[in-house]
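Undergrad: This is the content of entry07.cif (mmCIF, C-alpha atoms):
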data_target
#
loop_
_atom_site.label_atom_id
_atom_site.label_comp_id
_atom_site.auth_asym_id
_atom_site.auth_seq_id
_atom_site.Cartn_x
_atom_site.Cartn_y
_atom_site.Cartn_z
CA MET A 221 143.55 203.33 107.56
CA SER A 222 143.01 205.81 104.75
CA GLU A 223 143.55 203.09 102.16
CA SER A 224 140.27 201.45 102.82
CA LYS A 225 140.25 197.83 101.70
CA SER A 226 136.51 197.65 101.35
CA GLU A 227 136.46 195.13 98.49
CA SER A 228 133.40 195.26 96.28
CA LEU A 229 131.04 192.31 96.07
CA PHE A 230 132.32 191.67 92.54
CA ASP A 231 135.93 191.39 93.79
CA LYS A 232 135.01 189.23 96.77
CA ILE A 233 133.14 186.80 94.59
CA GLY A 234 136.09 186.47 92.21
CA GLY A 235 135.42 189.01 89.46
CA GLU A 236 135.16 188.10 85.81
CA ALA A 237 136.62 184.62 86.37
CA ALA A 238 133.72 183.86 88.70
CA VAL A 239 131.24 185.03 86.09
CA ASP A 240 132.92 182.83 83.49
CA ALA A 241 132.73 179.85 85.81
CA ALA A 242 129.09 180.52 86.60
CA VAL A 243 127.65 181.35 83.19
CA GLU A 244 127.53 177.87 81.66
CA LEU A 245 126.45 176.17 84.90
CA PHE A 246 123.63 178.66 85.21
CA TYR A 247 122.55 178.58 81.55
CA ARG A 248 122.59 174.76 81.58
CA LYS A 249 120.23 174.68 84.57
CA VAL A 250 117.90 177.18 82.93
CA LEU A 251 117.81 175.32 79.60
CA ALA A 252 117.10 172.02 81.33
CA ASP A 253 114.17 173.47 83.29
CA HIS A 254 110.89 172.86 81.48
CA ARG A 255 109.12 175.50 83.56
CA ILE A 256 111.15 178.28 81.95
CA ASN A 257 113.26 177.12 79.01
CA ARG A 258 110.68 178.29 76.48
CA PHE A 259 111.60 181.87 77.42
CA PHE A 260 115.25 181.29 76.59
CA ASP A 261 115.65 181.21 72.85
CA ASN A 262 118.39 178.68 72.13
CA THR A 263 118.69 179.23 68.38
CA ASN A 264 121.84 181.22 69.00
CA MET A 265 123.48 179.77 72.09
CA GLU A 266 126.53 182.02 71.91
CA GLU A 267 124.36 185.12 71.94
CA GLN A 268 122.14 183.75 74.70
CA ALA A 269 125.18 182.83 76.81
CA ALA A 270 126.50 186.36 76.29
CA LYS A 271 123.20 187.71 77.66
CA GLN A 272 123.46 185.40 80.68
CA LYS A 273 126.99 186.62 81.21
CA ALA A 274 125.86 190.25 81.20
CA PHE A 275 123.09 189.42 83.67
CA LEU A 276 125.42 187.53 86.03
CA THR A 277 127.99 190.32 85.90
CA MET A 278 125.30 192.74 87.01
CA ALA A 279 124.02 190.41 89.74
CA PHE A 280 127.59 189.88 91.01
CA GLY A 281 127.90 193.64 91.45
CA GLY A 282 130.20 194.02 88.48
CA PRO A 283 130.45 196.72 85.82
CA ASN A 284 127.33 196.88 83.68
CA ASN A 285 125.17 199.21 81.66
CA TYR A 286 121.80 197.89 82.75
CA SER A 287 119.07 200.36 83.51
CA GLY A 288 115.61 199.58 84.81
CA GLN A 289 114.26 200.83 81.50
CA ASP A 290 116.46 198.35 79.54
CA MET A 291 115.18 195.54 81.75
CA ARG A 292 111.60 196.50 81.06
CA GLU A 293 112.06 196.83 77.31
CA GLY A 294 114.21 193.72 77.07
CA HIS A 295 111.61 191.51 78.73
CA ALA A 296 108.36 193.09 77.52
CA HIS A 297 107.94 190.51 74.74
CA LEU A 298 108.33 187.72 77.29
CA VAL A 299 105.79 189.26 79.68
CA LYS A 300 103.34 189.22 76.76
CA ARG A 301 104.04 185.50 76.45
CA GLY A 302 103.19 184.92 80.10
CA LEU A 303 106.40 185.56 82.02
CA ASP A 304 105.43 185.95 85.68
CA ASP A 305 106.69 185.66 89.29
CA SER A 306 106.83 181.86 89.20
CA HIS A 307 109.32 182.01 86.31
CA PHE A 308 111.36 184.71 88.00
CA ASP A 309 111.45 182.53 91.15
CA ALA A 310 112.72 179.59 89.09
CA VAL A 311 115.57 181.68 87.68
CA MET A 312 116.45 182.84 91.21
CA GLU A 313 116.56 179.19 92.28
CA HIS A 314 119.06 178.37 89.53
CA LEU A 315 121.15 181.42 90.31
CA GLU A 316 121.47 180.42 93.96
CA ALA A 317 122.10 176.76 93.12
CA THR A 318 124.86 177.81 90.72
CA LEU A 319 126.59 179.84 93.42
CA VAL A 320 126.27 177.02 95.97
CA GLU A 321 127.84 174.68 93.42
CA LEU A 322 130.75 177.12 93.06
CA ASN A 323 131.21 177.20 96.86
CA VAL A 324 130.40 180.90 97.16
CA PRO A 325 129.87 181.79 100.87
CA ALA A 326 126.24 182.16 101.95
CA ASP A 327 126.49 185.87 102.85
CA LEU A 328 127.73 186.70 99.34
CA ILE A 329 125.03 184.56 97.77
CA ALA A 330 122.49 186.59 99.72
CA GLU A 331 123.96 189.82 98.36
CA VAL A 332 123.83 188.54 94.77
CA ALA A 333 120.26 187.34 95.27
CA ALA A 334 119.28 190.76 96.58
CA ILE A 335 120.68 192.49 93.48
CA ALA A 336 118.93 190.05 91.16
CA GLU A 337 115.73 190.39 93.19
CA SER A 338 115.86 194.16 92.76
CA THR A 339 115.21 193.74 89.02
CA ARG A 340 111.99 191.75 89.52
CA ALA A 341 109.53 194.60 89.01
CA ASP A 342 111.28 195.83 85.87
CA VAL A 343 111.70 192.36 84.37
CA LEU A 344 108.06 191.52 84.95
CA GLY A 345 106.90 194.95 83.80
CA LYS A 346 105.13 195.80 87.05
CA MET B 175 149.86 206.66 68.26
CA THR B 176 149.60 203.73 65.87
CA ASN B 177 148.31 203.32 62.33
CA LEU B 178 145.48 201.02 61.28
CA LYS B 179 145.50 199.94 57.66
CA ILE B 180 142.29 198.72 56.06
CA GLY B 181 142.50 198.03 52.35
CA GLU B 182 143.89 201.19 50.73
CA ASN B 183 143.16 203.45 53.71
CA THR B 184 145.16 204.25 56.81
CA TYR B 185 143.59 205.46 60.05
CA THR B 186 145.21 206.74 63.20
CA CYS B 187 144.66 205.25 66.63
CA ASP B 188 145.50 207.35 69.70
CA SER B 189 147.51 205.82 72.52
CA GLU B 190 144.56 205.12 74.84
CA GLU B 191 142.03 204.53 72.10
CA THR B 192 140.49 201.21 71.08
CA VAL B 193 140.46 200.15 67.44
CA LEU B 194 136.66 200.39 67.46
CA ASP B 195 136.60 203.94 68.84
CA SER B 196 139.29 204.99 66.40
CA LEU B 197 137.42 203.62 63.37
CA LEU B 198 134.10 205.08 64.50
CA ARG B 199 135.76 208.46 65.04
CA GLN B 200 137.04 208.30 61.45
CA ASP B 201 133.64 207.30 60.04
CA VAL B 202 134.49 203.71 59.15
CA ASP B 203 131.35 201.63 58.80
CA ILE B 204 131.92 198.84 61.33
CA SER B 205 129.27 196.89 63.21
CA TYR B 206 129.34 196.95 67.01
CA ALA B 207 127.00 196.79 69.97
CA CYS B 208 128.16 196.22 73.57
CA LYS B 209 131.63 197.78 73.40
CA LYS B 210 132.90 195.50 76.14
CA GLY B 211 133.80 192.24 74.49
CA THR B 212 130.59 190.38 75.14
CA CYS B 213 128.59 190.49 71.93
CA HIS B 214 131.39 189.85 69.37
CA SER B 215 129.66 192.17 66.86
CA CYS B 216 132.89 194.04 66.16
CA MET B 217 135.05 190.98 65.45
CA VAL B 218 137.68 191.75 62.81
CA ARG B 219 140.88 190.08 61.68
CA CYS B 220 144.49 191.18 61.86
CA ILE B 221 146.21 190.06 58.65
CA ASP B 222 149.80 191.07 59.35
CA GLY B 223 150.53 189.46 62.70
CA GLN B 224 149.04 188.67 66.07
CA PRO B 225 146.69 191.12 67.78
CA PRO B 226 147.20 191.85 71.52
CA VAL B 227 146.14 188.79 73.56
CA GLU B 228 143.60 190.74 75.64
CA SER B 229 141.80 191.86 72.47
CA GLN B 230 140.79 188.26 71.73
CA GLY B 231 138.57 188.06 74.82
CA ASP B 232 136.64 184.80 74.95
CA LEU B 233 136.73 184.06 71.22
CA LYS B 234 136.93 180.44 70.15
CA ASP B 235 140.46 179.02 69.95
CA THR B 236 140.07 178.49 66.21
CA LEU B 237 139.27 182.19 65.73
CA LYS B 238 142.16 183.24 67.97
CA SER B 239 144.57 181.14 65.96
CA GLN B 240 143.49 182.99 62.80
CA ASN B 241 144.20 186.34 64.51
CA TYR B 242 140.59 187.42 64.83
CA PHE B 243 140.04 189.95 67.61
CA LEU B 244 137.44 192.28 69.07
CA ALA B 245 137.93 195.87 67.94
CA CYS B 246 136.33 197.17 71.15
CA LEU B 247 138.92 195.41 73.34
CA CYS B 248 141.96 196.26 71.26
CA ILE B 249 144.34 199.08 72.14
CA PRO B 250 147.08 198.42 69.59
CA ASN B 251 150.73 198.59 70.58
CA LEU B 252 151.95 198.25 66.96
CA ASP B 253 150.61 199.27 63.56
CA MET B 254 148.05 196.76 62.33
CA THR B 255 146.54 195.76 59.00
CA ILE B 256 142.93 194.83 59.51
CA ARG B 257 140.33 193.00 57.46
CA LEU B 258 136.69 193.92 58.08
CA PRO B 259 134.16 191.11 57.64
CA GLU B 260 132.27 192.78 54.81
CA GLN B 261 135.31 193.33 52.60
CA SER B 262 134.89 191.57 49.29
CA GLU B 263 136.53 188.20 49.05
CA LEU B 264 139.46 187.14 46.95
CA TYR B 265 139.36 184.17 44.61
CA SER B 266 142.17 182.19 43.13
CA GLU B 267 142.09 179.83 40.19
CA GLY B 268 141.64 176.17 41.05
CA LYS B 269 142.27 173.30 38.69
CA VAL B 270 140.35 170.04 38.90
CA VAL B 271 142.83 167.18 39.24
CA ALA B 272 140.41 164.32 39.95
CA ASN B 273 136.74 163.52 40.31
CA GLU B 274 135.05 160.23 41.17
CA MET B 275 131.76 159.08 42.65
CA LEU B 276 131.76 158.31 46.40
CA ASN B 277 128.26 156.83 46.35
CA ARG B 278 125.17 157.10 44.16
CA ASN B 279 124.81 160.87 44.56
CA THR B 280 128.01 162.34 45.97
CA ILE B 281 131.13 163.12 43.97
CA LEU B 282 134.66 163.59 45.24
CA LEU B 283 136.22 166.66 43.63
CA ILE B 284 139.95 167.26 44.03
CA VAL B 285 141.24 170.72 43.21
CA GLU B 286 144.71 172.27 43.09
CA CYS B 287 145.03 175.95 43.96
CA ARG B 288 147.32 178.70 45.17
CA ASP B 289 148.19 179.40 48.85
CA ILE B 290 147.22 175.86 49.75
CA LEU B 291 148.82 176.08 53.19
CA GLU B 292 146.25 178.68 54.27
CA TYR B 293 143.45 176.13 54.11
CA LYS B 294 142.48 173.92 57.03
CA ALA B 295 140.58 170.66 57.04
CA GLY B 296 136.97 171.31 58.04
CA GLN B 297 136.87 174.94 56.93
CA PHE B 298 134.81 175.79 53.86
CA VAL B 299 135.38 177.76 50.68
CA ASN B 300 133.18 179.27 48.06
CA LEU B 301 133.55 177.64 44.68
CA GLN B 302 132.61 179.85 41.76
CA ARG B 303 131.74 179.00 38.19
CA GLN B 304 132.87 181.36 35.43
CA ASP B 305 129.44 183.02 35.23
CA GLY B 306 129.57 183.89 38.95
CA LEU B 307 127.37 181.08 40.30
CA THR B 308 128.78 180.36 43.77
CA ARG B 309 128.29 177.65 46.40
CA SER B 310 130.03 176.79 49.68
CA TYR B 311 131.73 173.44 50.25
CA SER B 312 133.74 172.04 53.15
CA ILE B 313 137.34 170.90 52.90
CA ALA B 314 137.46 167.13 53.42
CA ASN B 315 141.22 166.53 53.56
CA THR B 316 144.33 168.00 55.16
CA PRO B 317 145.62 170.33 52.43
CA GLN B 318 149.00 170.74 54.15
CA GLN B 319 149.74 167.07 53.48
CA SER B 320 148.16 166.45 50.09
CA LYS B 321 148.68 169.93 48.53
CA THR B 322 145.15 169.76 47.14
CA LEU B 323 141.61 170.52 48.32
CA GLU B 324 139.00 167.76 48.44
CA PHE B 325 135.25 168.33 48.40
CA HIS B 326 132.29 165.95 48.66
CA ILE B 327 129.54 167.37 46.48
CA ARG B 328 126.09 165.84 46.64
CA ARG B 329 123.89 166.15 43.60
CA LEU B 330 120.81 168.14 44.56
CA PRO B 331 117.85 167.70 42.21
CA GLY B 332 117.64 170.98 40.29
CA GLY B 333 120.78 172.28 41.99
CA GLN B 334 122.50 174.38 39.33
CA PHE B 335 125.96 174.19 40.80
CA SER B 336 125.99 170.56 41.91
CA GLU B 337 124.54 169.39 38.59
CA TRP B 338 127.23 171.32 36.76
CA VAL B 339 129.94 169.70 38.92
CA HIS B 340 128.48 166.22 38.40
CA ASP B 341 127.62 166.46 34.70
CA GLN B 342 130.08 168.88 33.13
CA LEU B 343 133.12 169.72 35.20
CA LYS B 344 136.06 167.62 34.01
CA VAL B 345 139.63 166.96 35.07
CA GLY B 346 141.76 169.87 33.81
CA ASP B 347 138.88 172.39 34.03
CA THR B 348 139.12 175.43 36.28
CA VAL B 349 136.92 176.64 39.10
CA ALA B 350 137.48 179.74 41.23
CA VAL B 351 138.27 179.03 44.89
CA SER B 352 137.72 181.60 47.65
CA GLU B 353 139.86 182.08 50.72
CA PRO B 354 139.16 179.58 53.52
CA LYS B 355 136.28 180.45 55.83
CA GLY B 356 134.74 179.25 59.04
CA HIS B 357 136.05 178.13 62.38
CA CYS B 358 135.06 174.46 62.31
CA PHE B 359 138.49 172.83 62.38
CA TYR B 360 140.93 170.99 64.65
CA ILE B 361 143.39 172.79 66.89
CA PRO B 362 146.26 170.61 68.12
CA GLU B 363 145.79 171.42 71.80
CA ARG B 364 144.39 169.39 74.70
CA LYS B 365 145.22 166.20 72.83
CA GLU B 366 143.77 164.01 75.60
CA GLN B 367 140.33 165.57 75.14
CA GLY B 368 137.48 163.40 73.84
CA ILE B 369 136.24 164.38 70.38
CA LEU B 370 132.71 163.72 69.16
CA LEU B 371 132.05 164.04 65.42
CA VAL B 372 128.45 163.87 64.21
CA GLY B 373 127.46 164.37 60.59
CA THR B 374 124.64 163.68 58.18
CA GLY B 375 125.02 163.05 54.44
CA SER B 376 127.95 164.95 52.92
CA GLY B 377 128.45 166.48 56.38
CA LEU B 378 131.02 163.71 56.53
CA ALA B 379 133.34 165.91 54.44
CA PRO B 380 134.51 168.38 57.11
CA LEU B 381 134.45 165.61 59.73
CA VAL B 382 136.77 163.36 57.73
CA GLY B 383 139.09 166.34 57.31
CA ILE B 384 139.03 167.12 61.03
CA LEU B 385 139.47 163.43 61.93
CA THR B 386 142.47 163.08 59.61
CA ASP B 387 143.98 166.26 61.02
CA ALA B 388 143.49 165.10 64.63
CA LEU B 389 145.01 161.66 63.96
CA GLU B 390 147.95 163.19 62.06
CA HIS B 391 148.58 165.43 65.06
CA GLY B 392 148.63 162.39 67.35
CA HIS B 393 145.43 163.23 69.22
CA SER B 394 145.36 160.73 72.08
CA GLY B 395 141.85 161.16 73.51
CA PRO B 396 138.91 159.06 72.31
CA ILE B 397 137.47 160.13 68.93
CA HIS B 398 133.96 158.97 68.02
CA LEU B 399 132.50 159.49 64.56
CA PHE B 400 128.78 159.01 63.93
CA HIS B 401 127.76 159.34 60.29
CA GLY B 402 124.10 159.10 59.42
CA SER B 403 121.70 159.02 56.51
CA ARG B 404 118.32 157.53 55.75
CA GLU B 405 119.60 154.70 53.54
CA LYS B 406 122.82 152.74 53.41
CA GLU B 407 123.41 153.82 49.81
CA ASP B 408 123.77 157.45 50.95
CA LEU B 409 126.61 156.71 53.35
CA TYR B 410 130.12 156.49 51.94
CA ARG B 411 133.70 155.68 52.90
CA VAL B 412 132.27 153.09 55.30
CA ASP B 413 135.05 150.55 54.69
CA GLU B 414 137.75 153.22 54.89
CA MET B 415 136.41 154.47 58.22
CA ARG B 416 136.22 150.92 59.59
CA ALA B 417 139.81 150.28 58.51
CA LEU B 418 140.89 153.52 60.16
CA SER B 419 139.24 152.51 63.43
CA GLU B 420 141.16 149.20 63.37
CA LYS B 421 144.40 151.08 62.85
CA HIS B 422 143.76 153.68 65.57
CA PRO B 423 142.52 152.18 68.87
CA ASN B 424 141.27 155.58 70.10
CA PHE B 425 139.05 156.08 67.05
CA SER B 426 135.63 154.48 66.76
CA TYR B 427 133.18 154.76 63.91
CA THR B 428 129.43 154.20 63.91
CA PRO B 429 127.49 154.38 60.64
CA CYS B 430 123.80 155.08 61.38
CA ILE B 431 120.72 154.56 59.26
CA SER B 432 117.46 156.30 60.14
CA GLY B 433 115.36 154.40 57.57
CA VAL B 434 113.80 150.95 58.01
CA ASP B 435 116.34 148.77 56.25
CA VAL B 436 119.31 148.46 58.59
CA PRO B 437 121.89 145.80 57.65
CA SER B 438 124.20 144.34 60.29
CA GLY B 439 127.17 146.50 61.11
CA PHE B 440 125.01 149.65 61.06
CA LYS B 441 123.11 151.26 63.94
CA LYS B 442 119.43 152.05 63.60
CA GLY B 443 118.49 155.66 64.29
CA ARG B 444 119.60 159.18 63.60
CA ALA B 445 123.33 159.79 64.02
CA ASN B 446 122.81 162.44 66.73
CA THR B 447 120.43 160.25 68.75
CA VAL B 448 122.71 157.22 68.51
CA ALA B 449 125.67 159.38 69.59
CA LEU B 450 123.85 160.62 72.69
CA GLU B 451 122.79 157.08 73.59
CA THR B 452 126.32 155.78 73.14
CA ILE B 453 128.28 158.38 75.11
CA SER B 454 126.66 159.24 78.43
CA ASP B 455 128.99 161.89 79.80
CA LEU B 456 130.39 164.54 77.47
CA LYS B 457 131.85 166.80 80.12
CA GLY B 458 135.08 168.32 78.78
CA TRP B 459 134.60 166.98 75.24
CA ARG B 460 135.10 168.82 71.97
CA VAL B 461 132.21 168.41 69.56
CA PHE B 462 131.92 168.93 65.80
CA LEU B 463 128.46 168.88 64.18
CA CYS B 464 128.07 169.07 60.41
CA GLY B 465 125.16 168.62 58.07
CA HIS B 466 121.43 169.23 58.41
CA PRO B 467 120.68 172.55 60.19
CA ASN B 468 117.90 171.06 62.34
CA MET B 469 120.13 168.23 63.52
CA ILE B 470 122.78 170.76 64.44
CA SER B 471 120.62 173.15 66.45
CA GLU B 472 118.96 170.29 68.32
CA MET B 473 122.24 168.50 69.00
CA LYS B 474 124.01 171.68 70.08
CA THR B 475 121.61 172.09 72.99
CA GLN B 476 121.77 168.39 73.85
CA VAL B 477 125.56 168.23 74.05
CA PHE B 478 125.64 171.47 76.04
CA LEU B 479 123.20 169.96 78.55
CA LYS B 480 125.45 166.88 78.71
CA GLY B 481 128.32 169.04 79.88
CA VAL B 482 130.09 170.31 76.76
CA SER B 483 131.27 173.89 77.04
CA ILE B 484 129.83 176.25 74.40
CA ALA B 485 133.33 177.23 73.29
CA ASP B 486 134.04 173.55 72.53
CA ILE B 487 131.10 173.12 70.14
CA TYR B 488 131.96 173.64 66.48
CA THR B 489 129.26 173.53 63.85
CA ASP B 490 128.89 173.69 60.11
CA ALA B 491 125.27 173.80 58.99
CA PHE B 492 124.69 172.84 55.37
CA LEU B 493 122.14 175.27 54.07
CA VAL B 494 120.63 174.51 50.71
CA SER B 495 120.45 177.60 48.57
CA THR B 496 116.81 178.63 48.07
CA GLU B 497 117.42 179.44 44.41
CA THR B 498 119.07 176.00 43.94
#
Would you mind writing the file out in structure tokens?

TA:
Amino acid sequence: MSESKSESLFDKIGGEAAVDAAVELFYRKVLADHRINRFFDNTNMEEQAAKQKAFLTMAFGGPNNYSGQDMREGHAHLVKRGLDDSHFDAVMEHLEATLVELNVPADLIAEVAAIAESTRADVLGK
Amino acid sequence: MTNLKIGENTYTCDSEETVLDSLLRQDVDISYACKKGTCHSCMVRCIDGQPPVESQGDLKDTLKSQNYFLACLCIPNLDMTIRLPEQSELYSEGKVVANEMLNRNTILLIVECRDILEYKAGQFVNLQRQDGLTRSYSIANTPQQSKTLEFHIRRLPGGQFSEWVHDQLKVGDTVAVSEPKGHCFYIPERKEQGILLVGTGSGLAPLVGILTDALEHGHSGPIHLFHGSREKEDLYRVDEMRALSEKHPNFSYTPCISGVDVPSGFKKGRANTVALETISDLKGWRVFLCGHPNMISEMKTQVFLKGVSIADIYTDAFLVSTET
């Protein structure tokens, strides 16, 4: 039993292919949501989609270079424009709905949600 | 170890080293950011063959086919000759072989030049006058077939270059032509895919090129072209497009007029709005948007929300030079 097969969350969820499948579904939901789409600059969709991809990779437990400090700095300009818990909740809603749509099992969705949730204080600059 | 050739210089790349790390180590000025294939900042082009497949990450198919790759994802297995984006461009001499008016303000310019097979319908080139004045124009034909390049050049009031083309440039004159640029062109894959083409004004140029290319390749999916302008007099090739749609059952053409006077046979409204009203589900479609920058950015979001994948959206925004 030395070769432990404890697969990471990222592997269980399907790795990079799962992120690729999720990124457009997720970004489409966010852009269509009038509560929050003003925070997602769509002048460069490729760049914005790349940011969503980096975020989803992190939330799926994949390799990433995010630090709490990056999160704070990256969202500070949005907090100034009124980004608060209600907007964070809306993004969480879309994240979970995306995973449901991709038939990800509920226990894995909960793990992803917990990782995303752990960034709340940094994102909102609390 | 492999060698990387850039211009006159040769750099070494260690066996486990990426092209980006190698160039940075040897003080080459190359832009980069994420170092993991996400941001595309370090996109460069291999000009003597195909780069390793994994180094092309999630680049658009049209970029892949031109051997663009991401330096941060590339561990070369062979020597490579690389072109950095900021390297100065090469021009060749073009000769005007025909010019004629397409409508009251747009001229068709047909130019012969070297290396014609390198150019693809829908890409753009820089045209340069002898004194260095330069403007970008899209390729409106399939150069592989006709052995020439066609451009639709609209006269802009006070536009130095367009006025020169309209008033002075004659058949037999020369104009410098840059290498082809841009990734807005047709790739003969997924031929059953629906194709939506939306253009305003002389934005028809790249779209006609792409349309011709797709039909010549036997594209079998539905192809819809929406061409718009404020007045009927600013549209062109209307009869030709109608004839083409009679000949090809999978091609349909809708000329749109956003002004008040809309004769029969034309749709009232902006081309992008009419297109969205006409086609309800765009899931899985390929979309080409050319013309006014505002139309493009608005439409890009709209088609994405209607199900088009970002990688399937090709755009060519016509920016008017501020110095005109």

Undergrad: Set the cut-off to 10 Å and count all atoms listed in the file: what are the residues of chain A that reach chain B? Output as JSON, numbers by chain.

TA: {"A": [240, 244, 245, 247, 248, 249, 250, 251, 252, 262, 263, 264, 265, 266, 267, 268, 269, 270, 271, 273, 274, 284, 285]}

Undergrad: Please list as a PyMOL selection string every residue within 6 Å of stretch 217-227 of chain B, counting all atoms listed in the file and excluding residues in the same chain fewer than 2 positions away.

TA: chain B and resi 214-215+229-230+241-244+255-258

Undergrad: Between B:Gly332, B:Glu286, B:Arg199, B:Asn277, single out the one closest to B:Val412, counting only C-alpha atoms.

TA: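 Ranked by minimum distance to B:Val412, first place goes to B:Asn277.
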
Undergrad: Which residues match the PyMOL selection byres ((chain B and resi 313) around 9) in the file above, as a short mmCIF file (atom, residue, chain, number, x, y, z; two decimals) with C-alpha atoms, in the coordinates of the input?

TA:
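Below is the file that was written, out27.cif:
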data_model
loop_
_atom_site.label_atom_id
_atom_site.label_comp_id
_atom_site.auth_asym_id
_atom_site.auth_seq_id
_atom_site.Cartn_x
_atom_site.Cartn_y
_atom_site.Cartn_z
CA TYR B 293 143.45 176.13 54.11
CA LYS B 294 142.48 173.92 57.03
CA ALA B 295 140.58 170.66 57.04
CA GLY B 296 136.97 171.31 58.04
CA GLN B 297 136.87 174.94 56.93
CA PHE B 298 134.81 175.79 53.86
CA VAL B 299 135.38 177.76 50.68
CA TYR B 311 131.73 173.44 50.25
CA SER B 312 133.74 172.04 53.15
CA ALA B 314 137.46 167.13 53.42
CA ASN B 315 141.22 166.53 53.56
CA THR B 316 144.33 168.00 55.16
CA PRO B 317 145.62 170.33 52.43
CA LEU B 323 141.61 170.52 48.32
CA GLU B 324 139.00 167.76 48.44
CA PHE B 325 135.25 168.33 48.40
CA HIS B 326 132.29 165.95 48.66
CA PRO B 354 139.16 179.58 53.52
CA ALA B 379 133.34 165.91 54.44
CA PRO B 380 134.51 168.38 57.11
CA VAL B 382 136.77 163.36 57.73
CA GLY B 383 139.09 166.34 57.31
#

Undergrad: Between A:Val239, A:Asp253, A:Gly234, A:Arg340, which one has atoms that come closest to A:Phe308, using all atoms listed in the file?

TA: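 Closest to A:Phe308 of all the choices is A:Arg340.
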
Undergrad: Taking into account all atoms listed in the file, which residue in the set A:Gly302, A:Gly288, A:Gly281, A:Gly345 is nearest to A:Val332?

TA: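 Going through A:Gly302, A:Gly288, A:Gly281, A:Gly345 one by one, the smallest distance to A:Val332 is for A:Gly281.
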
Undergrad: Can you spit out stretch 229-244 of chain A with N, CA and C atoms, as a PDB file, in the first residue's frame, from the structure just given?

TA:
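The resulting file, decode19.pdb, is shown below:
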ATOM      1  N   LEU A 229      -7.652  16.566  -5.690  1.00  0.00           N
ATOM      2  CA  LEU A 229      -8.945  17.085  -6.143  1.00  0.00           C
ATOM      3  C   LEU A 229      -8.875  17.407  -7.642  1.00  0.00           C
ATOM      4  N   PHE A 230      -7.778  18.043  -8.041  1.00  0.00           N
ATOM      5  CA  PHE A 230      -7.595  18.456  -9.433  1.00  0.00           C
ATOM      6  C   PHE A 230      -7.677  17.256 -10.384  1.00  0.00           C
ATOM      7  N   ASP A 231      -7.039  16.130  -9.990  1.00  0.00           N
ATOM      8  CA  ASP A 231      -7.093  14.925 -10.823  1.00  0.00           C
ATOM      9  C   ASP A 231      -8.503  14.345 -10.844  1.00  0.00           C
ATOM     10  N   LYS A 232      -9.114  14.284  -9.669  1.00  0.00           N
ATOM     11  CA  LYS A 232     -10.449  13.671  -9.575  1.00  0.00           C
ATOM     12  C   LYS A 232     -11.464  14.410 -10.436  1.00  0.00           C
ATOM     13  N   ILE A 233     -11.284  15.717 -10.488  1.00  0.00           N
ATOM     14  CA  ILE A 233     -12.264  16.539 -11.209  1.00  0.00           C
ATOM     15  C   ILE A 233     -12.013  16.500 -12.723  1.00  0.00           C
ATOM     16  N   GLY A 234     -10.811  16.033 -13.111  1.00  0.00           N
ATOM     17  CA  GLY A 234     -10.543  15.893 -14.544  1.00  0.00           C
ATOM     18  C   GLY A 234      -9.437  16.793 -15.064  1.00  0.00           C
ATOM     19  N   GLY A 235      -8.690  17.431 -14.136  1.00  0.00           N
ATOM     20  CA  GLY A 235      -7.508  18.188 -14.535  1.00  0.00           C
ATOM     21  C   GLY A 235      -7.792  19.346 -15.476  1.00  0.00           C
ATOM     22  N   GLU A 236      -6.787  19.616 -16.319  1.00  0.00           N
ATOM     23  CA  GLU A 236      -6.878  20.797 -17.183  1.00  0.00           C
ATOM     24  C   GLU A 236      -8.062  20.721 -18.156  1.00  0.00           C
ATOM     25  N   ALA A 237      -8.401  19.507 -18.586  1.00  0.00           N
ATOM     26  CA  ALA A 237      -9.531  19.360 -19.513  1.00  0.00           C
ATOM     27  C   ALA A 237     -10.822  19.847 -18.854  1.00  0.00           C
ATOM     28  N   ALA A 238     -10.936  19.577 -17.548  1.00  0.00           N
ATOM     29  CA  ALA A 238     -12.132  20.013 -16.825  1.00  0.00           C
ATOM     30  C   ALA A 238     -12.164  21.537 -16.729  1.00  0.00           C
ATOM     31  N   VAL A 239     -10.993  22.127 -16.512  1.00  0.00           N
ATOM     32  CA  VAL A 239     -10.937  23.591 -16.458  1.00  0.00           C
ATOM     33  C   VAL A 239     -11.351  24.160 -17.810  1.00  0.00           C
ATOM     34  N   ASP A 240     -10.804  23.574 -18.884  1.00  0.00           N
ATOM     35  CA  ASP A 240     -11.146  24.063 -20.219  1.00  0.00           C
ATOM     36  C   ASP A 240     -12.645  23.971 -20.492  1.00  0.00           C
ATOM     37  N   ALA A 241     -13.241  22.876 -20.030  1.00  0.00           N
ATOM     38  CA  ALA A 241     -14.682  22.708 -20.248  1.00  0.00           C
ATOM     39  C   ALA A 241     -15.475  23.722 -19.427  1.00  0.00           C
ATOM     40  N   ALA A 242     -14.952  24.067 -18.264  1.00  0.00           N
ATOM     41  CA  ALA A 242     -15.704  24.925 -17.348  1.00  0.00           C
ATOM     42  C   ALA A 242     -15.565  26.409 -17.666  1.00  0.00           C
ATOM     43  N   VAL A 243     -14.404  26.811 -18.214  1.00  0.00           N
ATOM     44  CA  VAL A 243     -14.108  28.239 -18.249  1.00  0.00           C
ATOM     45  C   VAL A 243     -15.122  29.055 -19.049  1.00  0.00           C
ATOM     46  N   GLU A 244     -15.520  28.573 -20.231  1.00  0.00           N
ATOM     47  CA  GLU A 244     -16.463  29.375 -21.011  1.00  0.00           C
ATOM     48  C   GLU A 244     -17.865  29.343 -20.427  1.00  0.00           C
TER      49      GLU A 244
END
